[in-house]
Structure formats: C-alpha cells, structure tokens
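Peer 1: Got a structure for you, upload_25.cif, holding mmCIF, C-alpha atoms (C1' of nucleotides).
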```cif
data_data
#
loop_
_atom_site.label_atom_id
_atom_site.label_comp_id
_atom_site.auth_asym_id
_atom_site.auth_seq_id
_atom_site.Cartn_x
_atom_site.Cartn_y
_atom_site.Cartn_z
CA MET A 7 0.00 0.00 0.00
CA LYS A 8 2.88 2.34 0.82
CA ARG A 9 4.07 4.10 -2.30
CA GLU A 10 7.19 6.15 -2.90
CA LEU A 11 6.78 9.88 -2.45
CA PRO A 12 6.81 11.65 -5.83
CA ALA A 13 9.49 14.26 -6.37
CA CYS A 14 6.88 16.90 -7.04
CA PRO A 15 5.14 18.42 -3.99
CA VAL A 16 1.77 18.79 -5.64
CA GLU A 17 1.82 15.14 -6.63
CA THR A 18 2.57 14.19 -3.05
CA THR A 19 -0.48 16.05 -1.85
CA LEU A 20 -2.60 14.58 -4.60
CA MET A 21 -1.46 11.06 -3.82
CA LEU A 22 -2.64 11.41 -0.25
CA ILE A 23 -6.02 13.04 -0.69
CA SER A 24 -7.23 12.73 -4.25
CA ASP A 25 -9.15 9.50 -3.89
CA ARG A 26 -12.86 9.86 -4.15
CA TRP A 27 -13.46 9.52 -0.42
CA LYS A 28 -10.42 10.77 1.46
CA VAL A 29 -11.29 14.43 1.31
CA LEU A 30 -14.76 13.66 2.63
CA ILE A 31 -13.30 11.63 5.48
CA ILE A 32 -10.95 14.45 6.38
CA ARG A 33 -13.71 17.00 6.21
CA ASP A 34 -15.89 14.93 8.52
CA LEU A 35 -13.06 14.49 11.00
CA MET A 36 -12.32 18.23 11.07
CA ASP A 37 -15.11 18.52 13.64
CA GLY A 38 -13.34 16.07 15.93
CA THR A 39 -12.93 12.39 16.71
CA LYS A 40 -15.47 10.02 15.23
CA ARG A 41 -16.27 6.34 15.45
CA PHE A 42 -16.25 4.08 12.45
CA GLY A 43 -20.03 3.91 12.32
CA GLU A 44 -20.40 7.67 12.62
CA LEU A 45 -18.04 8.21 9.72
CA LYS A 46 -19.87 5.68 7.61
CA LYS A 47 -23.15 7.38 8.38
CA SER A 48 -21.95 10.92 7.79
CA ILE A 49 -20.34 10.04 4.49
CA GLY A 50 -23.40 8.21 3.37
CA SER A 51 -22.95 5.98 0.40
CA ILE A 52 -19.53 4.51 1.11
CA SER A 53 -19.22 0.77 1.67
CA GLN A 54 -17.58 -0.74 4.73
CA LYS A 55 -14.73 -2.22 2.78
CA VAL A 56 -13.86 1.00 1.03
CA LEU A 57 -14.12 3.07 4.19
CA THR A 58 -11.86 0.63 6.00
CA SER A 59 -9.22 0.57 3.30
CA ASN A 60 -9.20 4.35 2.97
CA LEU A 61 -8.87 4.79 6.73
CA ARG A 62 -6.01 2.32 6.87
CA SER A 63 -4.09 4.00 4.11
CA MET A 64 -4.64 7.40 5.68
CA GLU A 65 -3.38 6.04 8.99
CA GLU A 66 -0.28 4.79 7.20
CA SER A 67 0.20 8.22 5.64
CA GLY A 68 0.05 9.84 9.05
CA LEU A 69 -3.14 11.79 8.40
CA LEU A 70 -5.14 10.20 11.19
CA THR A 71 -4.87 7.88 14.18
CA ARG A 72 -6.93 4.81 14.99
CA LYS A 73 -7.73 3.96 18.56
CA VAL A 74 -9.31 0.63 19.44
CA TYR A 75 -11.12 0.20 22.75
CA ALA A 76 -11.19 -3.30 24.20
CA GLU A 77 -14.90 -3.38 24.73
CA VAL A 78 -17.83 -5.49 23.65
CA PRO A 79 -19.23 -4.37 21.31
CA PRO A 80 -15.98 -2.94 19.95
CA ARG A 81 -15.39 0.77 19.62
CA VAL A 82 -12.88 2.29 17.23
CA GLU A 83 -12.23 5.98 17.06
CA TYR A 84 -10.52 7.97 14.34
CA THR A 85 -8.86 11.32 14.93
CA LEU A 86 -6.94 13.63 12.61
CA THR A 87 -3.29 14.11 13.36
CA GLU A 88 -1.69 17.56 13.23
CA THR A 89 -0.65 16.72 9.70
CA GLY A 90 -4.18 15.77 8.74
CA TYR A 91 -5.61 18.85 10.36
CA SER A 92 -3.12 21.04 8.53
CA LEU A 93 -5.01 20.22 5.33
CA LYS A 94 -7.81 22.49 6.48
CA PRO A 95 -6.81 25.50 4.34
CA ILE A 96 -6.79 23.31 1.24
CA LEU A 97 -10.18 21.84 2.07
CA ASP A 98 -11.62 25.28 2.74
CA SER A 99 -10.31 26.56 -0.59
CA MET A 100 -11.84 23.58 -2.33
CA VAL A 101 -15.21 24.20 -0.72
CA GLU A 102 -15.17 27.86 -1.71
CA TRP A 103 -14.13 27.13 -5.25
CA GLY A 104 -16.72 24.38 -5.55
CA LYS A 105 -19.48 26.70 -4.39
CA ALA A 106 -18.54 29.33 -6.93
CA TYR A 107 -18.34 26.73 -9.69
CA GLN A 108 -21.73 25.29 -8.80
CA LYS A 109 -23.26 28.74 -8.81
CA ALA A 110 -21.81 29.49 -12.24
CA ASN A 111 -22.84 26.15 -13.72
CA GLN A 112 -26.24 25.46 -12.23
CA MET B 30 -18.14 12.13 -19.94
CA LYS B 31 -20.29 14.89 -18.46
CA ARG B 32 -21.34 13.93 -14.98
CA GLU B 33 -23.92 15.47 -12.70
CA LEU B 34 -22.59 18.02 -10.26
CA PRO B 35 -22.56 16.59 -6.74
CA ALA B 36 -24.54 18.47 -4.13
CA CYS B 37 -21.45 18.95 -2.01
CA PRO B 38 -19.05 21.74 -3.09
CA VAL B 39 -15.91 19.89 -2.11
CA GLU B 40 -16.99 16.90 -4.18
CA THR B 41 -17.54 19.18 -7.14
CA THR B 42 -13.98 20.46 -6.90
CA LEU B 43 -12.64 16.97 -6.42
CA MET B 44 -14.52 15.65 -9.43
CA LEU B 45 -12.90 18.25 -11.65
CA ILE B 46 -9.29 18.07 -10.52
CA SER B 47 -8.63 14.92 -8.57
CA ASP B 48 -7.56 12.71 -11.45
CA ARG B 49 -3.95 11.79 -11.44
CA TRP B 50 -3.02 14.24 -14.17
CA LYS B 51 -5.40 17.19 -14.13
CA VAL B 52 -3.65 19.12 -11.40
CA LEU B 53 -0.38 18.75 -13.26
CA ILE B 54 -1.97 19.98 -16.47
CA ILE B 55 -3.42 23.00 -14.69
CA ARG B 56 -0.12 23.76 -13.02
CA ASP B 57 1.70 23.65 -16.33
CA LEU B 58 -0.86 25.93 -17.95
CA MET B 59 -0.62 28.48 -15.12
CA ASP B 60 2.42 29.87 -16.94
CA GLY B 61 0.36 30.51 -20.05
CA THR B 62 -0.86 28.92 -23.26
CA LYS B 63 0.80 25.72 -24.36
CA ARG B 64 0.66 23.39 -27.34
CA PHE B 65 -0.27 19.76 -27.02
CA GLY B 66 3.29 18.63 -27.51
CA GLU B 67 4.65 21.08 -24.98
CA LEU B 68 2.21 19.84 -22.37
CA LYS B 69 3.07 16.25 -23.09
CA LYS B 70 6.75 17.05 -22.71
CA SER B 71 6.42 19.10 -19.55
CA ILE B 72 4.27 16.50 -17.83
CA GLY B 73 6.63 13.77 -18.82
CA SER B 74 5.31 10.28 -18.47
CA ILE B 75 1.73 10.75 -19.64
CA SER B 76 0.55 8.93 -22.74
CA GLN B 77 -1.08 10.70 -25.67
CA LYS B 78 -4.40 9.03 -25.14
CA VAL B 79 -4.61 9.95 -21.50
CA LEU B 80 -3.49 13.53 -22.08
CA THR B 81 -6.06 13.94 -24.82
CA SER B 82 -8.91 12.54 -22.77
CA ASN B 83 -8.00 14.66 -19.75
CA LEU B 84 -7.80 17.79 -21.86
CA ARG B 85 -11.17 17.10 -23.44
CA SER B 86 -12.89 16.56 -20.16
CA MET B 87 -11.32 19.70 -18.73
CA GLU B 88 -12.49 21.63 -21.76
CA GLU B 89 -15.98 20.31 -21.17
CA SER B 90 -15.78 21.38 -17.54
CA GLY B 91 -14.84 24.89 -18.59
CA LEU B 92 -11.36 24.81 -17.09
CA LEU B 93 -9.52 25.41 -20.34
CA THR B 94 -10.03 26.26 -23.99
CA ARG B 95 -8.74 24.44 -27.04
CA LYS B 96 -7.77 26.37 -30.13
CA VAL B 97 -7.00 24.57 -33.37
CA TYR B 98 -4.97 26.31 -36.08
CA ALA B 99 -5.64 25.20 -39.65
CA GLU B 100 -2.02 24.59 -40.49
CA VAL B 101 0.12 21.74 -41.66
CA PRO B 102 1.46 20.33 -39.45
CA PRO B 103 -1.44 21.05 -37.14
CA ARG B 104 -1.10 23.25 -34.10
CA VAL B 105 -3.40 23.05 -31.11
CA GLU B 106 -3.11 25.38 -28.17
CA TYR B 107 -4.56 25.01 -24.71
CA THR B 108 -5.24 27.94 -22.41
CA LEU B 109 -6.75 28.13 -18.95
CA THR B 110 -10.07 29.91 -18.63
CA GLU B 111 -10.74 32.34 -15.79
CA THR B 112 -12.35 29.44 -13.99
CA GLY B 113 -9.31 27.27 -14.47
CA TYR B 114 -6.97 30.01 -13.40
CA SER B 115 -9.03 30.62 -10.29
CA LEU B 116 -7.79 27.26 -9.02
CA LYS B 117 -4.40 28.82 -8.40
CA PRO B 118 -4.84 29.34 -4.64
CA ILE B 119 -5.76 25.68 -4.23
CA LEU B 120 -2.76 24.56 -6.27
CA ASP B 121 -0.46 26.81 -4.31
CA SER B 122 -1.77 25.45 -1.01
CA MET B 123 -1.25 21.93 -2.28
CA VAL B 124 2.33 22.68 -3.25
CA GLU B 125 3.09 24.21 0.14
CA TRP B 126 1.48 21.36 2.03
CA GLY B 127 3.26 18.78 -0.11
CA LYS B 128 6.63 20.40 0.53
CA ALA B 129 6.08 20.36 4.28
CA TYR B 130 4.93 16.75 4.16
CA GLN B 131 7.92 15.68 2.12
CA LYS B 132 10.25 17.43 4.53
CA ALA B 133 8.65 15.69 7.50
CA ASN B 134 8.66 12.27 5.85
CA GLN B 135 11.92 12.13 4.02
"C1'" DC C 15 1.84 17.43 -34.92
"C1'" DA C 16 -2.04 16.05 -32.65
"C1'" DG C 17 -4.66 13.08 -32.35
"C1'" DG C 18 -8.09 8.42 -33.06
"C1'" DA C 19 -8.62 3.27 -32.51
"C1'" DT C 20 -7.77 -0.77 -30.21
"C1'" DC C 21 -6.39 -3.95 -26.64
"C1'" DC C 22 -5.10 -4.91 -22.05
"C1'" DC C 23 -3.90 -4.16 -17.11
"C1'" DT C 24 -4.41 -2.20 -12.60
"C1'" DT C 25 -6.83 0.27 -9.29
"C1'" DT C 26 -10.91 1.76 -7.01
"C1'" DG C 27 -15.25 0.96 -5.69
"C1'" DG C 28 -19.49 -1.92 -4.72
"C1'" DA C 29 -22.32 -6.04 -2.91
"C1'" DT C 30 -22.84 -9.63 0.00
"C1'" DA C 31 -21.86 -12.89 3.60
"C1'" DC C 32 -19.52 -13.94 7.70
"C1'" DT C 33 -17.14 -13.06 12.56
"C1'" DG C 34 -14.56 -11.77 17.21
"C1'" DC D 21 -19.82 -2.65 16.21
"C1'" DA D 22 -16.21 -2.82 13.28
"C1'" DG D 23 -14.41 -5.09 10.72
"C1'" DT D 24 -12.64 -9.58 6.93
"C1'" DA D 25 -13.18 -12.32 2.93
"C1'" DT D 26 -14.63 -12.95 -1.60
"C1'" DC D 27 -16.26 -11.91 -6.01
"C1'" DC D 28 -17.25 -8.58 -9.51
"C1'" DA D 29 -17.85 -4.19 -12.33
"C1'" DA D 30 -16.17 0.14 -13.98
"C1'" DA D 31 -12.84 3.59 -14.79
"C1'" DG D 32 -8.28 5.33 -15.54
"C1'" DG D 33 -4.33 4.57 -17.46
"C1'" DG D 34 -0.54 2.49 -20.62
"C1'" DA D 35 1.27 0.65 -25.18
"C1'" DT D 36 1.07 0.34 -29.88
"C1'" DC D 37 -0.36 1.30 -34.46
"C1'" DC D 38 -2.52 4.29 -37.74
"C1'" DT D 39 -3.82 9.03 -40.05
"C1'" DG D 40 -5.49 13.97 -41.79
#
```
Write out the structure in this file as structure tokens.

Peer 2:
Amino acid sequence: MKRELPACPVETTLMLISDRWKVLIIRDLMDGTKRFGELKKSIGSISQKVLTSNLRSMEESGLLTRKVYAEVPPRVEYTLTETGYSLKPILDSMVEWGKAYQKANQ
Amino acid sequence: MKRELPACPVETTLMLISDRWKVLIIRDLMDGTKRFGELKKSIGSISQKVLTSNLRSMEESGLLTRKVYAEVPPRVEYTLTETGYSLKPILDSMVEWGKAYQKANQ
DNA sequence: CAGGATCCCTTTGGATACTG
DNA sequence: CAGTATCCAAAGGGATCCTG
C-alpha cells in the first residue's frame, strides 16, 4: 500500500487526498474524533470495505490515528493528526471554489 | 463524460481536478498557453491518449479552452479559462502542504 | 503534430456474507 | 460494532499502431 513519495510536492499532496473519499473523510473528522459507524453514516454511500481501506491508508500516511477500545461491542475511534488537520486550508479553498463553480454552472 | 454536479461543493472540486493528471496539467498551464506537444513534454510520463482525454474533459468542464490552427502540421493550443486560473490558490496550497509533508517524511 | 482506434492491465469501488 | 473475505464491475491509465 505504501508508495514512494513523488518528487513533485503537488503530486505528493494529490497522492494522499485525491481519492474519491479521502477528502470527505478528512472534512468529517475536522469537527473532531469520530467512530467508524459515525463516519460511515456521515459520508453516506460509502461501503464498509472501502471506508476501512481508505482509513487504513490514511493512517499509514500519518493523516489520522486509529484507537481501538477493548470493549464489547468494539469501539474504534478515528482522529486527525496535526498533519491531517493542517489540510484544512486546502479543504476550505476547495469548498469555496466548488461553491462558486456550482453557482456558475447550475 | 459529463457527470452530474454533486450536491457537495468539495466533491464538485474533487470531481474536476482529482484525477492523477489534471492538477499537473493545470499547473503547467498556469504559466500561459501551451501546445499539445509542450504539455506532453512538460508533464513527462503521460501517454497521448490519457493527455487527450483529460484535456477534453477539462475543456468540457470549462477549465480550459482548445484552439485549433488550420495549419500543416497542425497546431493546437490550450489555455486556462478564468475558472481554471481561479484554481491557483488551491494549487499553491497543495504545493506548500506537499513540501512540508515531504520534509517531515523524508 | 495532434490526435483516433484498439487492446489490455491495474486500481478503485461496490455487494454480500460472515465473525470476534 | 467494526471489521474480513470474496467476487465482480467500472474507470483510468498504458502501449502500440494508424492518419489527416
């Protein structure tokens, strides 16, 4: 799963967040820690498998942490790292740009 | 090729630029108009087919314009639209973030 | 030069069933 | 609840050959 970092900075960023779901996951975690089920619900149409694999790869990239509680039923919480949270300006820009684009193309 | 705009602004932005190559194309066009061959060369490892299909879909999205000159050999120039150029702040943020990430993970 | 056409591979995502 | 395992479909991308 771990790939080499590209030489180009913008490619590095893209590699880490450009999947269909990762930006949505990050956005939903900007509000704070969430459980697996909460994430799945707030994202909506994502399948368990895909959510799991995205979360794992983002953990590996250092964008978020995964904390497992030894309880029954199990509880797993996901939290953005500093690195993950530092993507906020990019996300905000993307939201603003997207709004303007939607307005112009509705 | 034309897809419905998602309800969510950030998804809209993602849909338009999150492919592997689109951000690189936009970045290369930030400097000004370029010919097909120049783009292909500056991007490097992209194949003709993929470059063509990305350019067409970006034209359809209103991010760039395509101008064909009736010459032999043919000349085709691509230029960012205002909309495409307005992605600059996002690109810049991505470059900055990518640099910091690379530095932290080298 | 700037592509179109074709074939194939890999990756991502989706559906369903099962489990500690 | 939060996964795993398995199978499958679709899309993006790559390679090669051909052409106005």

Peer 1: I need the residue set behind the PyMOL selection byres ((chain A) within 10 of (chain C)) for this file; please write it as an MDAnalysis selection string.

Peer 2: chainID A and resid 25:26 52:56 78:80

Peer 1: Please expand the PyMOL selection byres ((chain B) within 7 of (chain A)) into the concrete residues it hits in this file, giving the result as a ChimeraX atom specification.

Peer 2: /B:38-39,41-42,47,119,122-124,126-128

Peer 1: Enter the distance from CA of Lys96 in chain B to C1' of DC38 in chain D, in Å, rounded to one decimal.

Peer 2: 23.9 Å

Peer 1: The PyMOL selection byres ((chain D) within 9 of (chain A)) - which residues does that actually catch in the file I just gave you? List them as a list of chain:residue names.

Peer 2: D:DC21, D:DA22, D:DG23, D:DT24

Peer 1: Quick one: residues within 9 Å of Tyr114 in chain B, all atoms listed in the file counted, chain neighbours fewer than 6 positions away excluded, as number ranges by chain?

Peer 2: B: 55, 58-59, 92-93

Peer 1: Rounded to one decimal, what separation in Å do you get between CA of Glu66 in chain A and CA of Ile49 in chain A?

Peer 2: 20.9 Å

Peer 1: Mind pulling up the distance from CA of Leu84 in chain B to CA of Ser51 in chain A?

Peer 2: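 Here the two named atoms are 29.4 Å from each other.
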